[in-house]
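With mmCIF, N, CA and C atoms inside, this is upload35.cif:
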```cif
data_coords
loop_
_atom_site.label_atom_id
_atom_site.label_comp_id
_atom_site.auth_asym_id
_atom_site.auth_seq_id
_atom_site.Cartn_x
_atom_site.Cartn_y
_atom_site.Cartn_z
N LEU A 1 0.84 -1.19 0.00
CA LEU A 1 0.00 0.00 0.00
C LEU A 1 0.89 1.25 0.00
N GLN A 2 0.55 2.19 -0.86
CA GLN A 2 1.27 3.47 -0.91
C GLN A 2 0.29 4.60 -0.65
N LEU A 3 0.78 5.60 0.07
CA LEU A 3 -0.01 6.78 0.37
C LEU A 3 0.68 8.00 -0.22
N VAL A 4 -0.08 8.87 -0.86
CA VAL A 4 0.48 10.06 -1.49
C VAL A 4 -0.32 11.28 -1.05
N GLU A 5 0.37 12.22 -0.40
CA GLU A 5 -0.28 13.46 0.02
C GLU A 5 -0.16 14.52 -1.06
N SER A 6 -1.12 15.43 -1.07
CA SER A 6 -1.08 16.58 -1.96
C SER A 6 -1.93 17.68 -1.36
N GLY A 7 -1.80 18.87 -1.93
CA GLY A 7 -2.66 19.99 -1.51
C GLY A 7 -1.99 21.02 -0.64
N GLY A 8 -0.75 20.79 -0.26
CA GLY A 8 -0.06 21.76 0.56
C GLY A 8 0.29 23.01 -0.23
N GLY A 9 0.78 24.01 0.49
CA GLY A 9 1.17 25.25 -0.16
C GLY A 9 1.30 26.37 0.82
N LEU A 10 1.37 27.58 0.29
CA LEU A 10 1.47 28.79 1.09
C LEU A 10 0.08 29.40 1.24
N VAL A 11 -0.30 29.70 2.46
CA VAL A 11 -1.62 30.28 2.71
C VAL A 11 -1.48 31.34 3.79
N GLU A 12 -2.29 32.37 3.70
CA GLU A 12 -2.25 33.45 4.69
C GLU A 12 -2.99 33.03 5.96
N PRO A 13 -2.62 33.59 7.08
CA PRO A 13 -3.36 33.31 8.31
C PRO A 13 -4.85 33.58 8.14
N GLY A 14 -5.65 32.68 8.65
CA GLY A 14 -7.09 32.79 8.49
C GLY A 14 -7.63 32.13 7.24
N GLY A 15 -6.74 31.70 6.37
CA GLY A 15 -7.15 31.08 5.12
C GLY A 15 -7.44 29.59 5.27
N SER A 16 -7.63 28.93 4.13
CA SER A 16 -8.01 27.51 4.11
C SER A 16 -7.18 26.74 3.11
N LEU A 17 -7.02 25.46 3.40
CA LEU A 17 -6.38 24.51 2.50
C LEU A 17 -7.07 23.18 2.66
N ARG A 18 -7.06 22.37 1.61
CA ARG A 18 -7.54 21.00 1.73
C ARG A 18 -6.42 20.06 1.30
N LEU A 19 -6.00 19.23 2.22
CA LEU A 19 -4.99 18.23 1.93
C LEU A 19 -5.67 16.92 1.54
N SER A 20 -5.02 16.18 0.65
CA SER A 20 -5.53 14.88 0.23
C SER A 20 -4.48 13.80 0.50
N CYS A 21 -4.96 12.63 0.85
CA CYS A 21 -4.11 11.46 1.05
C CYS A 21 -4.71 10.36 0.20
N ALA A 22 -4.07 10.10 -0.95
CA ALA A 22 -4.59 9.11 -1.88
C ALA A 22 -3.86 7.78 -1.68
N ALA A 23 -4.64 6.73 -1.51
CA ALA A 23 -4.07 5.40 -1.34
C ALA A 23 -3.99 4.69 -2.69
N SER A 24 -3.03 3.80 -2.81
CA SER A 24 -2.79 3.13 -4.09
C SER A 24 -3.84 2.06 -4.39
N ASP A 25 -4.52 1.58 -3.37
CA ASP A 25 -5.58 0.61 -3.61
C ASP A 25 -6.61 0.68 -2.48
N GLY A 26 -7.67 -0.08 -2.67
CA GLY A 26 -8.80 0.03 -1.75
C GLY A 26 -8.62 -0.63 -0.39
N THR A 27 -7.49 -1.31 -0.18
CA THR A 27 -7.30 -1.91 1.14
C THR A 27 -7.25 -0.85 2.23
N ALA A 28 -6.82 0.36 1.87
CA ALA A 28 -6.76 1.43 2.85
C ALA A 28 -8.14 1.78 3.40
N ASN A 29 -9.18 1.46 2.66
CA ASN A 29 -10.54 1.76 3.11
C ASN A 29 -10.90 0.98 4.37
N TYR A 30 -10.15 -0.07 4.65
CA TYR A 30 -10.43 -0.88 5.83
C TYR A 30 -9.61 -0.44 7.05
N TYR A 31 -8.72 0.51 6.86
CA TYR A 31 -7.83 0.93 7.94
C TYR A 31 -8.20 2.31 8.46
N ALA A 32 -7.87 2.55 9.71
CA ALA A 32 -7.88 3.91 10.20
C ALA A 32 -6.74 4.68 9.54
N ILE A 33 -6.98 5.92 9.18
CA ILE A 33 -5.97 6.77 8.55
C ILE A 33 -5.77 8.00 9.41
N GLY A 34 -4.52 8.36 9.63
CA GLY A 34 -4.22 9.53 10.44
C GLY A 34 -3.43 10.57 9.68
N TRP A 35 -3.62 11.82 10.06
CA TRP A 35 -2.78 12.92 9.59
C TRP A 35 -1.84 13.31 10.74
N PHE A 36 -0.59 13.51 10.38
CA PHE A 36 0.44 13.93 11.31
C PHE A 36 1.12 15.17 10.74
N ARG A 37 1.82 15.89 11.59
CA ARG A 37 2.60 17.02 11.09
C ARG A 37 3.88 17.12 11.88
N GLN A 38 4.88 17.69 11.20
CA GLN A 38 6.17 17.90 11.83
C GLN A 38 6.70 19.27 11.46
N ALA A 39 6.82 20.12 12.46
CA ALA A 39 7.37 21.45 12.28
C ALA A 39 8.88 21.39 12.50
N PRO A 40 9.62 22.35 11.94
CA PRO A 40 11.08 22.35 12.11
C PRO A 40 11.48 22.31 13.58
N GLY A 41 12.35 21.39 13.92
CA GLY A 41 12.85 21.29 15.28
C GLY A 41 11.92 20.63 16.27
N LYS A 42 10.79 20.13 15.77
CA LYS A 42 9.81 19.52 16.67
C LYS A 42 9.56 18.07 16.27
N GLU A 43 9.00 17.32 17.20
CA GLU A 43 8.66 15.93 16.91
C GLU A 43 7.39 15.87 16.07
N ARG A 44 7.27 14.76 15.35
CA ARG A 44 6.05 14.56 14.58
C ARG A 44 4.89 14.31 15.55
N GLU A 45 3.76 14.95 15.27
CA GLU A 45 2.61 14.83 16.17
C GLU A 45 1.35 14.46 15.40
N GLY A 46 0.46 13.77 16.09
CA GLY A 46 -0.82 13.42 15.50
C GLY A 46 -1.74 14.63 15.45
N VAL A 47 -2.40 14.81 14.33
CA VAL A 47 -3.31 15.94 14.12
C VAL A 47 -4.76 15.48 14.13
N SER A 48 -5.03 14.40 13.39
CA SER A 48 -6.40 13.93 13.27
C SER A 48 -6.40 12.49 12.78
N CYS A 49 -7.47 11.79 13.09
CA CYS A 49 -7.59 10.39 12.65
C CYS A 49 -9.04 10.10 12.30
N ILE A 50 -9.22 9.25 11.30
CA ILE A 50 -10.56 8.82 10.92
C ILE A 50 -10.57 7.30 10.84
N SER A 51 -11.54 6.69 11.46
CA SER A 51 -11.65 5.24 11.45
C SER A 51 -12.22 4.76 10.11
N SER A 52 -12.19 3.45 9.91
CA SER A 52 -12.69 2.90 8.66
C SER A 52 -14.21 3.07 8.55
N GLN A 53 -14.88 3.13 9.67
CA GLN A 53 -16.32 3.34 9.69
C GLN A 53 -16.62 4.81 9.90
N PRO A 54 -17.66 5.33 9.27
CA PRO A 54 -17.99 6.75 9.41
C PRO A 54 -18.43 7.09 10.82
N GLY A 55 -18.28 8.35 11.17
CA GLY A 55 -18.72 8.83 12.46
C GLY A 55 -17.73 8.65 13.58
N SER A 56 -16.49 8.36 13.25
CA SER A 56 -15.47 8.15 14.25
C SER A 56 -14.22 8.92 13.85
N GLU A 57 -14.19 10.19 14.22
CA GLU A 57 -13.07 11.06 13.90
C GLU A 57 -12.54 11.70 15.18
N TYR A 58 -11.25 11.95 15.17
CA TYR A 58 -10.59 12.51 16.34
C TYR A 58 -9.66 13.64 15.92
N TYR A 59 -9.52 14.61 16.84
CA TYR A 59 -8.71 15.79 16.53
C TYR A 59 -7.84 16.15 17.73
N ALA A 60 -6.64 16.62 17.42
CA ALA A 60 -5.81 17.22 18.46
C ALA A 60 -6.47 18.51 18.93
N ASP A 61 -6.27 18.84 20.19
CA ASP A 61 -6.89 20.05 20.75
C ASP A 61 -6.49 21.29 19.96
N SER A 62 -5.28 21.30 19.43
CA SER A 62 -4.77 22.48 18.74
C SER A 62 -5.49 22.76 17.42
N VAL A 63 -6.19 21.77 16.88
CA VAL A 63 -6.87 21.97 15.59
C VAL A 63 -8.38 21.76 15.69
N LYS A 64 -8.86 21.36 16.83
CA LYS A 64 -10.28 21.07 17.00
C LYS A 64 -11.10 22.31 16.69
N GLY A 65 -12.14 22.14 15.89
CA GLY A 65 -12.99 23.25 15.50
C GLY A 65 -12.52 23.98 14.26
N ARG A 66 -11.29 23.70 13.82
CA ARG A 66 -10.75 24.37 12.63
C ARG A 66 -10.50 23.37 11.49
N PHE A 67 -10.09 22.17 11.82
CA PHE A 67 -9.78 21.16 10.81
C PHE A 67 -10.89 20.11 10.79
N THR A 68 -11.12 19.54 9.61
CA THR A 68 -12.10 18.47 9.46
C THR A 68 -11.50 17.36 8.62
N ILE A 69 -11.57 16.14 9.14
CA ILE A 69 -11.08 14.99 8.40
C ILE A 69 -12.26 14.24 7.80
N SER A 70 -12.08 13.72 6.60
CA SER A 70 -13.14 12.96 5.95
C SER A 70 -12.50 11.95 5.01
N ARG A 71 -13.30 11.01 4.53
CA ARG A 71 -12.77 10.04 3.59
C ARG A 71 -13.80 9.73 2.52
N ASP A 72 -13.29 9.47 1.31
CA ASP A 72 -14.12 9.07 0.18
C ASP A 72 -13.60 7.72 -0.26
N ASN A 73 -14.27 6.67 0.17
CA ASN A 73 -13.76 5.33 -0.13
C ASN A 73 -13.83 5.00 -1.61
N ALA A 74 -14.73 5.63 -2.33
CA ALA A 74 -14.80 5.39 -3.78
C ALA A 74 -13.53 5.87 -4.47
N LYS A 75 -12.87 6.84 -3.87
CA LYS A 75 -11.64 7.40 -4.44
C LYS A 75 -10.41 6.96 -3.65
N ASN A 76 -10.58 6.11 -2.66
CA ASN A 76 -9.45 5.67 -1.82
C ASN A 76 -8.68 6.86 -1.26
N THR A 77 -9.40 7.88 -0.83
CA THR A 77 -8.75 9.14 -0.44
C THR A 77 -9.30 9.64 0.89
N VAL A 78 -8.38 10.14 1.71
CA VAL A 78 -8.73 10.81 2.96
C VAL A 78 -8.34 12.28 2.83
N TYR A 79 -9.19 13.16 3.32
CA TYR A 79 -8.97 14.60 3.20
C TYR A 79 -8.78 15.23 4.58
N LEU A 80 -8.07 16.32 4.60
CA LEU A 80 -7.98 17.16 5.79
C LEU A 80 -8.28 18.58 5.37
N GLN A 81 -9.47 19.05 5.70
CA GLN A 81 -9.86 20.43 5.42
C GLN A 81 -9.34 21.30 6.56
N MET A 82 -8.52 22.26 6.20
CA MET A 82 -7.89 23.13 7.19
C MET A 82 -8.46 24.53 7.02
N ASN A 83 -9.20 25.01 8.00
CA ASN A 83 -9.77 26.35 7.98
C ASN A 83 -9.17 27.19 9.10
N SER A 84 -9.27 28.49 8.95
CA SER A 84 -8.77 29.42 9.96
C SER A 84 -7.34 29.06 10.38
N VAL A 85 -6.49 28.84 9.40
CA VAL A 85 -5.13 28.38 9.70
C VAL A 85 -4.35 29.47 10.41
N LYS A 86 -3.38 29.01 11.19
CA LYS A 86 -2.54 29.90 11.98
C LYS A 86 -1.06 29.66 11.62
N PRO A 87 -0.20 30.61 11.90
CA PRO A 87 1.23 30.38 11.61
C PRO A 87 1.77 29.12 12.28
N GLU A 88 1.25 28.78 13.44
CA GLU A 88 1.73 27.57 14.13
C GLU A 88 1.27 26.28 13.47
N ASP A 89 0.44 26.37 12.44
CA ASP A 89 0.07 25.19 11.66
C ASP A 89 1.12 24.87 10.60
N THR A 90 2.10 25.73 10.46
CA THR A 90 3.16 25.50 9.48
C THR A 90 3.94 24.24 9.82
N ALA A 91 4.00 23.32 8.86
CA ALA A 91 4.67 22.03 9.09
C ALA A 91 4.60 21.22 7.80
N ILE A 92 5.31 20.12 7.81
CA ILE A 92 5.11 19.10 6.78
C ILE A 92 4.02 18.17 7.30
N TYR A 93 3.02 17.95 6.47
CA TYR A 93 1.88 17.12 6.86
C TYR A 93 2.00 15.75 6.18
N TYR A 94 1.83 14.70 6.97
CA TYR A 94 1.91 13.34 6.50
C TYR A 94 0.62 12.58 6.81
N CYS A 95 0.28 11.64 5.97
CA CYS A 95 -0.77 10.69 6.33
C CYS A 95 -0.11 9.33 6.55
N ALA A 96 -0.74 8.54 7.39
CA ALA A 96 -0.16 7.25 7.75
C ALA A 96 -1.25 6.29 8.18
N SER A 97 -0.90 5.01 8.15
CA SER A 97 -1.86 3.99 8.52
C SER A 97 -1.13 2.75 9.03
N HIS A 98 -1.87 1.94 9.78
CA HIS A 98 -1.34 0.68 10.27
C HIS A 98 -2.37 -0.39 9.94
N PRO A 99 -1.98 -1.49 9.29
CA PRO A 99 -2.96 -2.45 8.78
C PRO A 99 -3.70 -3.27 9.84
N LYS A 100 -3.28 -3.19 11.10
CA LYS A 100 -3.95 -3.98 12.13
C LYS A 100 -5.12 -3.25 12.77
N TYR A 101 -5.30 -1.98 12.41
CA TYR A 101 -6.28 -1.20 13.14
C TYR A 101 -7.32 -0.58 12.23
N TYR A 102 -8.56 -0.88 12.49
CA TYR A 102 -9.67 -0.32 11.74
C TYR A 102 -10.20 0.95 12.42
N TYR A 103 -9.96 1.04 13.73
CA TYR A 103 -10.46 2.17 14.50
C TYR A 103 -9.29 2.95 15.09
N CYS A 104 -9.47 4.24 15.16
CA CYS A 104 -8.42 5.12 15.67
C CYS A 104 -8.14 4.84 17.14
N SER A 105 -6.90 5.04 17.51
CA SER A 105 -6.51 5.02 18.92
C SER A 105 -6.36 6.48 19.34
N GLY A 106 -7.49 7.11 19.54
CA GLY A 106 -7.46 8.55 19.77
C GLY A 106 -7.10 9.27 18.49
N VAL A 107 -6.17 10.18 18.57
CA VAL A 107 -5.84 11.01 17.42
C VAL A 107 -4.88 10.31 16.46
N THR A 108 -4.45 9.10 16.77
CA THR A 108 -3.57 8.34 15.89
C THR A 108 -4.23 7.03 15.49
N PRO A 109 -3.81 6.48 14.33
CA PRO A 109 -4.47 5.25 13.86
C PRO A 109 -4.16 4.01 14.69
N ALA A 110 -3.07 4.04 15.44
CA ALA A 110 -2.66 2.84 16.18
C ALA A 110 -1.93 3.26 17.45
N PRO A 111 -1.93 2.41 18.45
CA PRO A 111 -1.25 2.78 19.70
C PRO A 111 0.27 2.65 19.64
N GLN A 112 0.78 2.00 18.61
CA GLN A 112 2.23 1.82 18.51
C GLN A 112 2.94 3.14 18.27
N SER A 113 4.23 3.13 18.50
CA SER A 113 5.03 4.31 18.20
C SER A 113 5.04 4.53 16.69
N LEU A 114 5.29 5.77 16.30
CA LEU A 114 5.21 6.12 14.88
C LEU A 114 6.20 5.33 14.04
N SER A 115 7.30 4.93 14.62
CA SER A 115 8.30 4.17 13.87
C SER A 115 7.78 2.79 13.46
N GLU A 116 6.70 2.33 14.09
CA GLU A 116 6.14 1.02 13.77
C GLU A 116 5.03 1.07 12.74
N TYR A 117 4.71 2.26 12.25
CA TYR A 117 3.70 2.36 11.20
C TYR A 117 4.34 1.96 9.87
N PRO A 118 3.79 1.00 9.17
CA PRO A 118 4.41 0.59 7.90
C PRO A 118 4.07 1.48 6.71
N TYR A 119 3.00 2.24 6.83
CA TYR A 119 2.54 3.03 5.67
C TYR A 119 2.58 4.52 5.98
N TRP A 120 3.44 5.21 5.24
CA TRP A 120 3.56 6.67 5.34
C TRP A 120 3.59 7.26 3.95
N GLY A 121 3.02 8.46 3.83
CA GLY A 121 3.21 9.21 2.60
C GLY A 121 4.51 9.99 2.68
N GLN A 122 4.81 10.71 1.60
CA GLN A 122 6.07 11.44 1.52
C GLN A 122 5.98 12.82 2.17
N GLY A 123 4.77 13.26 2.46
CA GLY A 123 4.56 14.55 3.12
C GLY A 123 4.26 15.67 2.13
N THR A 124 3.54 16.67 2.62
CA THR A 124 3.26 17.86 1.84
C THR A 124 3.45 19.08 2.75
N GLN A 125 4.14 20.08 2.24
CA GLN A 125 4.48 21.25 3.05
C GLN A 125 3.32 22.22 3.12
N VAL A 126 3.00 22.65 4.32
CA VAL A 126 2.01 23.71 4.54
C VAL A 126 2.73 24.86 5.24
N THR A 127 2.65 26.03 4.64
CA THR A 127 3.26 27.22 5.21
C THR A 127 2.19 28.28 5.38
N VAL A 128 2.02 28.75 6.61
CA VAL A 128 1.04 29.78 6.91
C VAL A 128 1.79 31.06 7.23
N SER A 129 1.66 32.02 6.34
CA SER A 129 2.42 33.25 6.50
C SER A 129 1.75 34.36 5.72
N ALA A 130 1.87 35.57 6.25
CA ALA A 130 1.36 36.74 5.54
C ALA A 130 2.39 37.22 4.51
#
```

File written out as structure tokens:
Amino acid sequence: LQLVESGGGLVEPGGSLRLSCAASDGTANYYAIGWFRQAPGKEREGVSCISSQPGSEYYADSVKGRFTISRDNAKNTVYLQMNSVKPEDTAIYYCASHPKYYYCSGVTPAPQSLSEYPYWGQGTQVTVSA
């Protein structure tokens, strides 16, 4: 399984972006998918997660009320709608998944450490700046 992120770019504070995480095949539809981000000099952190079944989404406190995660299984794609972005949202955004978990473990797809996730995208840069 391969994951490919897209949709990053430069956006002004208060603006919006929609990130996409496209999976190479439909097996990803059975897994929980998470969005992570890593800012310069900081550890990678979980941002949001969506379970394989609808109605089960989780958000980090820092993005709750501003970001929305969704999935379109017909397109094998998970989205992250980012509204009211702030400079502190600047980071490389990654999507990831673990094949043993259909439901999110809070804001991440699995309870394991991030190094144990077998599926990662290459990342997409989001820069929030005036």

Using only C-alpha atoms, can you list as a short mmCIF file (atom, residue, chain, number, x, y, z; two decimals) with N, CA and C atoms, in the frame of the given file the residues within 7 Å of (-4.2, 8.3, 14.6)?
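This went into selection.cif:
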```cif
data_model
loop_
_atom_site.label_atom_id
_atom_site.label_comp_id
_atom_site.auth_asym_id
_atom_site.auth_seq_id
_atom_site.Cartn_x
_atom_site.Cartn_y
_atom_site.Cartn_z
N ILE A 33 -6.98 5.92 9.18
CA ILE A 33 -5.97 6.77 8.55
C ILE A 33 -5.77 8.00 9.41
N GLY A 34 -4.52 8.36 9.63
CA GLY A 34 -4.22 9.53 10.44
C GLY A 34 -3.43 10.57 9.68
N TRP A 35 -3.62 11.82 10.06
CA TRP A 35 -2.78 12.92 9.59
C TRP A 35 -1.84 13.31 10.74
N GLY A 46 0.46 13.77 16.09
CA GLY A 46 -0.82 13.42 15.50
C GLY A 46 -1.74 14.63 15.45
N SER A 48 -5.03 14.40 13.39
CA SER A 48 -6.40 13.93 13.27
C SER A 48 -6.40 12.49 12.78
N CYS A 49 -7.47 11.79 13.09
CA CYS A 49 -7.59 10.39 12.65
C CYS A 49 -9.04 10.10 12.30
N CYS A 104 -9.47 4.24 15.16
CA CYS A 104 -8.42 5.12 15.67
C CYS A 104 -8.14 4.84 17.14
N SER A 105 -6.90 5.04 17.51
CA SER A 105 -6.51 5.02 18.92
C SER A 105 -6.36 6.48 19.34
N GLY A 106 -7.49 7.11 19.54
CA GLY A 106 -7.46 8.55 19.77
C GLY A 106 -7.10 9.27 18.49
N VAL A 107 -6.17 10.18 18.57
CA VAL A 107 -5.84 11.01 17.42
C VAL A 107 -4.88 10.31 16.46
N THR A 108 -4.45 9.10 16.77
CA THR A 108 -3.57 8.34 15.89
C THR A 108 -4.23 7.03 15.49
N PRO A 109 -3.81 6.48 14.33
CA PRO A 109 -4.47 5.25 13.86
C PRO A 109 -4.16 4.01 14.69
N ALA A 110 -3.07 4.04 15.44
CA ALA A 110 -2.66 2.84 16.18
C ALA A 110 -1.93 3.26 17.45
#
```

Next item on the list: Determine, counting all atoms listed in the file, every residue of protein, DNA or RNA that lies within 7 Å of (4.0, 2.2, 5.7) in the file coordinates, then give the result as a list of chain:residue names.
Entry: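 With a cut-off of 7 Å, the residues come to A:Leu1, A:Ala96, A:Ser97, A:Tyr117, A:Pro118, A:Tyr119, A:Trp120, A:Gly121.
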
Check: Which residue, A:Ala28, A:Leu80, A:Ala74, A:Val85, has the smallest gap to Ser129 in chain A when you use only N, CA and C atoms?
Finding: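 Going through A:Ala28, A:Leu80, A:Ala74, A:Val85 one by one, the smallest distance to Ser129 in chain A is for A:Val85.
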
Next item on the list: Measure the distance from atom N of Ser115 in chain A to atom N of Gly26 in chain A in Å and round it to one decimal.
Entry: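 Distance between the two atoms: 23.4 Å.
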
Using the chain letters and numbers from the file, give me the residues hit by the PyMOL selection byres (((chain A and resi 93 and name CA) around 12) and name CA), as a CSV table (one decimal) with N, CA and C atoms, keeping the file's coordinate frame.
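This is the output file out.csv:
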```
chain,number,residue,atom,x,y,z
A,4,VAL,N,-0.1,8.9,-0.9
A,4,VAL,CA,0.5,10.1,-1.5
A,4,VAL,C,-0.3,11.3,-1.0
A,5,GLU,N,0.4,12.2,-0.4
A,5,GLU,CA,-0.3,13.5,0.0
A,5,GLU,C,-0.2,14.5,-1.1
A,6,SER,N,-1.1,15.4,-1.1
A,6,SER,CA,-1.1,16.6,-2.0
A,6,SER,C,-1.9,17.7,-1.4
A,7,GLY,N,-1.8,18.9,-1.9
A,7,GLY,CA,-2.7,20.0,-1.5
A,7,GLY,C,-2.0,21.0,-0.6
A,8,GLY,N,-0.8,20.8,-0.3
A,8,GLY,CA,-0.1,21.8,0.6
A,8,GLY,C,0.3,23.0,-0.2
A,9,GLY,N,0.8,24.0,0.5
A,9,GLY,CA,1.2,25.2,-0.2
A,9,GLY,C,1.3,26.4,0.8
A,17,LEU,N,-7.0,25.5,3.4
A,17,LEU,CA,-6.4,24.5,2.5
A,17,LEU,C,-7.1,23.2,2.7
A,18,ARG,N,-7.1,22.4,1.6
A,18,ARG,CA,-7.5,21.0,1.7
A,18,ARG,C,-6.4,20.1,1.3
A,19,LEU,N,-6.0,19.2,2.2
A,19,LEU,CA,-5.0,18.2,1.9
A,19,LEU,C,-5.7,16.9,1.5
A,20,SER,N,-5.0,16.2,0.6
A,20,SER,CA,-5.5,14.9,0.2
A,20,SER,C,-4.5,13.8,0.5
A,21,CYS,N,-5.0,12.6,0.8
A,21,CYS,CA,-4.1,11.5,1.0
A,21,CYS,C,-4.7,10.4,0.2
A,34,GLY,N,-4.5,8.4,9.6
A,34,GLY,CA,-4.2,9.5,10.4
A,34,GLY,C,-3.4,10.6,9.7
A,35,TRP,N,-3.6,11.8,10.1
A,35,TRP,CA,-2.8,12.9,9.6
A,35,TRP,C,-1.8,13.3,10.7
A,36,PHE,N,-0.6,13.5,10.4
A,36,PHE,CA,0.4,13.9,11.3
A,36,PHE,C,1.1,15.2,10.7
A,37,ARG,N,1.8,15.9,11.6
A,37,ARG,CA,2.6,17.0,11.1
A,37,ARG,C,3.9,17.1,11.9
A,38,GLN,N,4.9,17.7,11.2
A,38,GLN,CA,6.2,17.9,11.8
A,38,GLN,C,6.7,19.3,11.5
A,39,ALA,N,6.8,20.1,12.5
A,39,ALA,CA,7.4,21.4,12.3
A,39,ALA,C,8.9,21.4,12.5
A,40,PRO,N,9.6,22.4,11.9
A,40,PRO,CA,11.1,22.4,12.1
A,40,PRO,C,11.5,22.3,13.6
A,44,ARG,N,7.3,14.8,15.4
A,44,ARG,CA,6.0,14.6,14.6
A,44,ARG,C,4.9,14.3,15.6
A,45,GLU,N,3.8,15.0,15.3
A,45,GLU,CA,2.6,14.8,16.2
A,45,GLU,C,1.4,14.5,15.4
A,46,GLY,N,0.5,13.8,16.1
A,46,GLY,CA,-0.8,13.4,15.5
A,46,GLY,C,-1.7,14.6,15.4
A,47,VAL,N,-2.4,14.8,14.3
A,47,VAL,CA,-3.3,15.9,14.1
A,47,VAL,C,-4.8,15.5,14.1
A,48,SER,N,-5.0,14.4,13.4
A,48,SER,CA,-6.4,13.9,13.3
A,48,SER,C,-6.4,12.5,12.8
A,79,TYR,N,-9.2,13.2,3.3
A,79,TYR,CA,-9.0,14.6,3.2
A,79,TYR,C,-8.8,15.2,4.6
A,80,LEU,N,-8.1,16.3,4.6
A,80,LEU,CA,-8.0,17.2,5.8
A,80,LEU,C,-8.3,18.6,5.4
A,82,MET,N,-8.5,22.3,6.2
A,82,MET,CA,-7.9,23.1,7.2
A,82,MET,C,-8.5,24.5,7.0
A,89,ASP,N,0.4,26.4,12.4
A,89,ASP,CA,0.1,25.2,11.7
A,89,ASP,C,1.1,24.9,10.6
A,90,THR,N,2.1,25.7,10.5
A,90,THR,CA,3.2,25.5,9.5
A,90,THR,C,3.9,24.2,9.8
A,91,ALA,N,4.0,23.3,8.9
A,91,ALA,CA,4.7,22.0,9.1
A,91,ALA,C,4.6,21.2,7.8
A,92,ILE,N,5.3,20.1,7.8
A,92,ILE,CA,5.1,19.1,6.8
A,92,ILE,C,4.0,18.2,7.3
A,94,TYR,N,1.8,14.7,7.0
A,94,TYR,CA,1.9,13.3,6.5
A,94,TYR,C,0.6,12.6,6.8
A,95,CYS,N,0.3,11.6,6.0
A,95,CYS,CA,-0.8,10.7,6.3
A,95,CYS,C,-0.1,9.3,6.6
A,96,ALA,N,-0.7,8.5,7.4
A,96,ALA,CA,-0.2,7.2,7.8
A,96,ALA,C,-1.2,6.3,8.2
A,120,TRP,N,3.4,5.2,5.2
A,120,TRP,CA,3.6,6.7,5.3
A,120,TRP,C,3.6,7.3,4.0
A,121,GLY,N,3.0,8.5,3.8
A,121,GLY,CA,3.2,9.2,2.6
A,121,GLY,C,4.5,10.0,2.7
A,122,GLN,N,4.8,10.7,1.6
A,122,GLN,CA,6.1,11.4,1.5
A,122,GLN,C,6.0,12.8,2.2
A,123,GLY,N,4.8,13.3,2.5
A,123,GLY,CA,4.6,14.6,3.1
A,123,GLY,C,4.3,15.7,2.1
A,124,THR,N,3.5,16.7,2.6
A,124,THR,CA,3.3,17.9,1.8
A,124,THR,C,3.4,19.1,2.8
A,125,GLN,N,4.1,20.1,2.2
A,125,GLN,CA,4.5,21.2,3.0
A,125,GLN,C,3.3,22.2,3.1
A,126,VAL,N,3.0,22.6,4.3
A,126,VAL,CA,2.0,23.7,4.5
A,126,VAL,C,2.7,24.9,5.2
A,127,THR,N,2.6,26.0,4.6
A,127,THR,CA,3.3,27.2,5.2
A,127,THR,C,2.2,28.3,5.4
```

Checklist line | Pairwise distance for atom C of Lys42 in chain A and CA of Glu12 in chain A, rounded to one decimal in Å | finding: 22.6 Å

Checklist line | Between atom C of Tyr102 in chain A and CA of Ser52 in chain A, distance in Å (one decimal) | finding: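 Here the two named atoms are 4.9 Å from each other.
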
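Secondary structure by DSSP on the backbone puts the following residues of chain A in helix (DSSP H, G or I): Gly26, Thr27, Ala28, Asn29, Tyr30, Asn73, Ala74, Lys75, Pro87, Glu88, Asp89, Leu114, Ser115 and Glu116 of chain A.
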
Check: Smallest atom-to-atom distance to Tyr103 in chain A: which of A:Ala60, A:Val128, A:Ala32, A:Ile69, using all atoms listed in the file?
Finding: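 Counting all atoms listed in the file, the residue closest to Tyr103 in chain A is A:Ala32.
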
Item checked: strand (DSSP E) call set, DSSP backbone run, chain A, as a VMD selection string -> chain A and resid 3 to 6 9 to 11 17 to 23 33 to 38 45 to 50 57 to 59 67 to 72 77 to 82 91 to 97 119 to 120 124 to 128

Note to self: Ranking A:Glu88, A:Ser113, A:Ile50, A:Tyr31 by minimum distance to Ser70 in chain A and counting all atoms listed in the file, which one comes first?
What the structure shows: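 Checking each candidate against Ser70 in chain A, we get A:Ile50 as the closest.
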
Note to self: Taking only N, CA and C atoms into account, name the residue in A:Asn83, A:Pro99, A:Glu57, A:Ala130 that is nearest to Ser16 in chain A.
What the structure shows: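 Closest residue, counting only N, CA and C atoms: A:Asn83.
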
Notebook entry, point to check: From the set A:Tyr101, A:Pro111, A:Arg66, A:Gln2, which residue has the shortest atom-to-atom contact distance to Ser84 in chain A, counting all atoms listed in the file?
Noted result: A:Arg66

Next item on the list: Let me know the residues the PyMOL selection byres ((chain A and resi 76) around 8) catches in the file above, as number ranges by chain.
Entry: A: 21-29, 71-75, 77-79

Check: Of the candidates A:Tyr30, A:Gly41, A:Lys86, A:Phe67, which one gets nearest to Pro54 in chain A if we count only C-alpha atoms?
Finding: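 Smallest distance to Pro54 in chain A is found for A:Tyr30.
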